[in-house]
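Student: Encoded as structure tokens, here's the structure I'll be asking about.
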Amino acid sequence: MESFEMNNSAIDKDSSHLRRSANYKPNIWKYDFLQSLHNKHESEGNATRAMMLVEDVKQMLIEAVSLKANLELMDNIMKFGLATLFEKEIKETLEIVAMMEPNDEKSHGDSTIEEHDLYTIALRFRLLRQHGYEVSEDVFRSFKDKNGGFVRAKFGDTKGVRELLEAAHFGLGDGTIMEKAKIFSMESLKKICNNSVNNCGGIIEEVPNDNQVVHHALELPLHWRVEWFDARWQIRFHEKEKSGDVNCSMVKLAKIHFNAVQATHQKDLKELSRWNLGEMQHLPECMKLCFQALDDVTNEIAYEIGAEKGWMQVLPHLRKVWGDFCKSLLVEAKWFSLGYTPSLEEYLENAWVSSSGPLILTHSIFFHAHEDLDGAKDLLEMNKDLVYNSSLIIRLCNDLGTSEAESNRGDAPSSILCYMQEENVSEEEALMHVRGLIVEAWKNINGRSILAQHSPSLQSLIRLCSNAARVAHMLYQSGDGFGVQDGDIRQQILSSLIEPFAMG
């Protein structure tokens, strides 16, 4: 049987050599802590209650007359993490919405779109593109002047401009209407926030309710957020504000569903912690045994994916991505040892692999498509660009969040330092360039979404790649949320995985 191979010459045999330390704090995910997780809200009674609430929400969808009401219902369903419960209804509604155009007189009932209703037009555009529908950016032309500037979107229309910003992140190329829409909406919303802060004596917590949503949108767009973690924020915000556009039944259903999914995640965490710590205490500190453990776990994963008939079909792919990952880390170690700073292109050729993106996504894809292993293999082979762009976002978000700390402790250079040295530019210019690369990678993923409307397997792959990229945004938006396990990111993760919603 094929096993992992290790180049012994790569091992430093000088026992006096000390391994560099990143001074990371102890891991918070201790075995005893994970085994203690328990969700008291998981019960048959809640499941029955959820089924009744699902029917209530379905009735809301049936009774919604206007296009705007339908769009807002679908938007809230997705923001609350309930999309999996209403896949059929969402698909049917989007099919109807996709056939409507602004001022479509043939549409039935109150389903027309006012030409200057920025909010509804932007919301329709976002939801359709989010689900892979081909919708033209020309729907926003009525808001522009002859010079291409946005003028009809009034400054006071905060809701419309905010939705325009969310829609702008589904752009596909350079120099498009959506690029100009993004610049306009960001500048307008920042002015609104600054004015609100000034009016409230500089205390952001006291700004009007709508501006809390504006801050949320400016911090990170919906398209780049991890849907599961954002669902908690959305539920709490709407519950606290008792927002008029959200039905009480939907909020109750969202809380029950969140708690049920949280309970499933807790069970998964318990299983993932599939280690005998007592036996591990007796192992010597030796790389050979580390490799043996990795080999054993990889075999176990392959068997879990492919069972008795297909596990040997999966195993070579899992071993290859582990091998590629380790080789990419070795390249970075050599760069550090030699004091070598590569060009940005050379750095990225290796860094998208060392990001762990291909490693994570290959495992995820085979787990997701375990009933069609040949299809999963072909899907990976034909869509390497999706894995590449997702992995690139992971790497660049990591660099943005950790570059300063890594530079201070003398680690191998990041994309930021590589670009600074190659182009002889300031750190701020390099940061802007890296952020631009992230935007371009998202555009590439957006473009593939348009082509995936009639391919469920490709849609699944796009969701996996998008979610992996979203996790990177969440982890590194405020620094190193992976290595430094404290602060806001830790609290956000802990809350979503451990603290269930209280049910009235």
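Labeling convention for the structure tokens: chains A, B, ... as they appear, residues from 1 per chain, ligands from 1 in order of appearance.
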Using only C-alpha atoms, which residues sit within 12 Å of Trp322 of chain A once same-chain residues fewer than 3 positions away are excluded, as an NGL selection string?

Tutor: :A and (3-5 or 291 or 294-295 or 297-298 or 315-319 or 325-329 or 353-354 or 356-363)

Student: Go through segment 391-469 of chain A residue by residue and, counting only C-alpha atoms, keep those with an atom at most 10 Å from segment 133-141 of chain A; for each kept residue give the shortest atom pair and its distance in Å to one decimal, ordered by chain and increasing number, as CSV.

Tutor:
residue,atom,partner,partner_atom,distance
A:Gly447,CA,A:Glu134,CA,9.6
A:Ser449,CA,A:Tyr133,CA,8.0
A:Ile450,CA,A:Tyr133,CA,5.6
A:Leu451,CA,A:Tyr133,CA,8.3
A:Ala452,CA,A:Tyr133,CA,8.8
A:Gln453,CA,A:Tyr133,CA,6.5
A:His454,CA,A:Tyr133,CA,9.8

Student: Can you work out which one of A:Leu128, A:Leu392, A:Ala231, A:Leu123 has the shortest atom-to-atom distance to Ala468 of chain A, counting only C-alpha atoms?

Tutor: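 The closest residue to Ala468 of chain A is A:Leu392.
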
Student: How many Å lie between atom CA of Val97 of chain A and atom CA of Ala122 of chain A, rounded to one decimal?

Tutor: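 Straight-line distance from atom CA of Val97 of chain A to atom CA of Ala122 of chain A works out to 12.8 Å.
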
Student: Residues at most 12 Å from Leu461 of chain A, counting only C-alpha atoms, excluding those fewer than 2 positions away in the same chain, as a compact mmCIF listing (two decimals) with C-alpha atoms, in the first residue's frame?

Tutor:
# COMPACT_ATOMS: atom_id res chain seq x y z
CA LEU A 361 -11.60 21.83 -0.37
CA THR A 362 -10.50 18.43 -1.70
CA HIS A 363 -11.60 16.75 1.53
CA SER A 364 -14.84 18.75 1.53
CA ILE A 365 -15.69 17.93 -2.08
CA PHE A 366 -15.19 14.18 -1.63
CA PHE A 367 -17.20 14.22 1.60
CA HIS A 368 -19.97 16.16 -0.12
CA ALA A 369 -20.09 13.90 -3.19
CA GLY A 375 -18.04 12.78 -10.48
CA ALA A 376 -16.20 14.47 -7.60
CA LYS A 377 -12.85 13.68 -9.20
CA ASP A 378 -13.97 15.10 -12.56
CA LEU A 379 -15.49 18.15 -10.87
CA LEU A 380 -12.16 18.94 -9.23
CA GLU A 381 -10.22 18.39 -12.43
CA MET A 382 -12.44 20.63 -14.55
CA ASN A 383 -12.76 23.45 -12.03
CA LYS A 384 -9.28 24.01 -10.68
CA ASP A 385 -9.76 27.75 -11.14
CA LEU A 386 -12.47 27.79 -8.46
CA VAL A 387 -10.21 26.05 -5.96
CA SER A 390 -10.84 30.46 -3.15
CA ILE A 445 -15.91 33.15 -8.52
CA ARG A 448 -18.50 30.99 -12.54
CA SER A 449 -21.73 31.26 -10.54
CA ALA A 452 -23.58 27.08 -12.86
CA SER A 455 -25.44 22.29 -12.81
CA PRO A 456 -26.20 21.25 -9.21
CA SER A 457 -22.75 19.69 -8.75
CA LEU A 458 -20.99 22.87 -9.89
CA GLN A 459 -23.28 24.94 -7.66
CA ARG A 463 -20.75 27.09 -2.41
CA LEU A 464 -17.90 25.14 -0.85
CA CYS A 465 -15.27 27.44 -2.39
CA SER A 466 -17.20 30.59 -1.45
CA ASN A 467 -17.70 29.43 2.13
CA ALA A 468 -14.01 28.61 2.55

Student: In terms of the shortest atom-to-atom distance over only C-alpha atoms, which of A:Val54, A:Ile121, A:Ile498, A:Leu475 is closest to Leu396 of chain A?

Tutor: A:Leu475

Student: Using only C-alpha atoms, can you tell me which of A:Ile28, A:Leu400, A:Leu494, A:Leu344 comes closest to Met420 of chain A?

Tutor: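 Result for the nearest residue to Met420 of chain A: A:Leu344.
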
Student: Would you kindly return, as a list in words, each protein, DNA or RNA residue with an atom no farther than 7 Å from any atom of segment 70-80 of chain A, considering only C-alpha atoms and excluding same-chain residues fewer than 2 positions away?

Tutor: Leu61, Ala64, Ser66, Leu67, Lys68, Leu82, Ala83, Ile90, Arg124, Ala231, Gln234, Ile235 and Ala254 of chain A

Student: Can you write just those residues out, C-alpha atoms, as a CSV table (one decimal), in the first residue's frame?

Tutor:
chain,number,residue,atom,x,y,z
A,61,LEU,CA,-44.6,33.6,0.8
A,64,ALA,CA,-46.9,38.2,-0.5
A,66,SER,CA,-45.7,42.8,-4.3
A,67,LEU,CA,-42.3,42.0,-5.8
A,68,LYS,CA,-40.6,43.9,-3.0
A,82,LEU,CA,-33.1,29.2,6.7
A,83,ALA,CA,-32.5,28.7,3.0
A,90,ILE,CA,-36.9,30.2,-3.2
A,124,ARG,CA,-33.4,41.9,-7.1
A,231,ALA,CA,-27.2,34.5,10.9
A,234,GLN,CA,-29.1,39.1,11.9
A,235,ILE,CA,-31.4,37.3,14.2
A,254,ALA,CA,-34.6,31.0,12.9

Student: To one decimal place in Å, what is the distance between atom CA of Asn259 of chain A and atom CA of Asn39 of chain A?

Tutor: 7.5 Å

Student: Could you give me the residues within segment 32-156 of chain A that DSSP places in strand (DSSP E or B), as a PyMOL selection string?

Tutor: chain A and resi 102+113+144+150

Student: Of the candidates A:Lys88, A:Lys334, A:Lys443, A:Arg232, which one gets nearest to Ala168 of chain A if we count only C-alpha atoms?

Tutor: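 Of A:Lys88, A:Lys334, A:Lys443, A:Arg232, the one nearest Ala168 of chain A, counting only C-alpha atoms, is A:Lys443.
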
Student: What does the distance between atom CA of Gly306 of chain A and atom CA of Lys320 of chain A come to in Å, to one decimal place?

Tutor: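 Distance reported for this atom pair: 16.7 Å.
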
Student: Determine which residues of segment 35-147 of chain A receive a DSSP assignment of alpha helix (DSSP H), computed from the backbone, and state them as a PyMOL selection string.

Tutor: chain A and resi 35+44-63+67-79+87-98+118-130

Student: Name the closest residue to Ile177 of chain A among the candidates A:Arg236, A:Lys144, A:Lys191, A:Glu95; distances are taken between atoms, counting only C-alpha atoms.

Tutor: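 Looking only at the distances to Ile177 of chain A, the closest residue turns out to be A:Lys144.
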
Student: Hey, which of A:Glu304, A:Glu63, A:Glu346, A:Glu166 ends up closest to Ile183 of chain A? Count only C-alpha atoms.

Tutor: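 Under the stated criterion, the closest residue is A:Glu166.
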
Student: Considering only C-alpha atoms, return as an MDAnalysis selection string whatever protein or nucleic-acid residues lie within 10 Å of Glu345 of chain A, sequence-local ones (same chain, fewer than 4 positions apart) excluded.

Tutor: chainID A and resid 349:351 415 418:419

Student: Could you save those same residues with N, CA and C atoms as a tab-separated table (two decimals), in the first residue's frame?

Tutor:
chain	number	residue	atom	x	y	z
A	349	GLU	N	2.33	31.58	-6.56
A	349	GLU	CA	2.34	30.24	-7.15
A	349	GLU	C	2.48	29.16	-6.08
A	350	ASN	N	3.14	29.49	-5.00
A	350	ASN	CA	3.30	28.54	-3.90
A	350	ASN	C	2.28	28.79	-2.79
A	351	ALA	N	1.95	30.07	-2.57
A	351	ALA	CA	1.16	30.44	-1.40
A	351	ALA	C	-0.29	29.99	-1.48
A	415	SER	N	2.76	38.29	0.95
A	415	SER	CA	2.47	38.93	-0.34
A	415	SER	C	2.70	40.43	-0.26
A	418	CYS	N	6.48	41.07	-0.36
A	418	CYS	CA	6.97	40.73	-1.70
A	418	CYS	C	6.66	41.85	-2.69
A	419	TYR	N	5.44	42.38	-2.63
A	419	TYR	CA	5.05	43.44	-3.56
A	419	TYR	C	5.77	44.74	-3.23
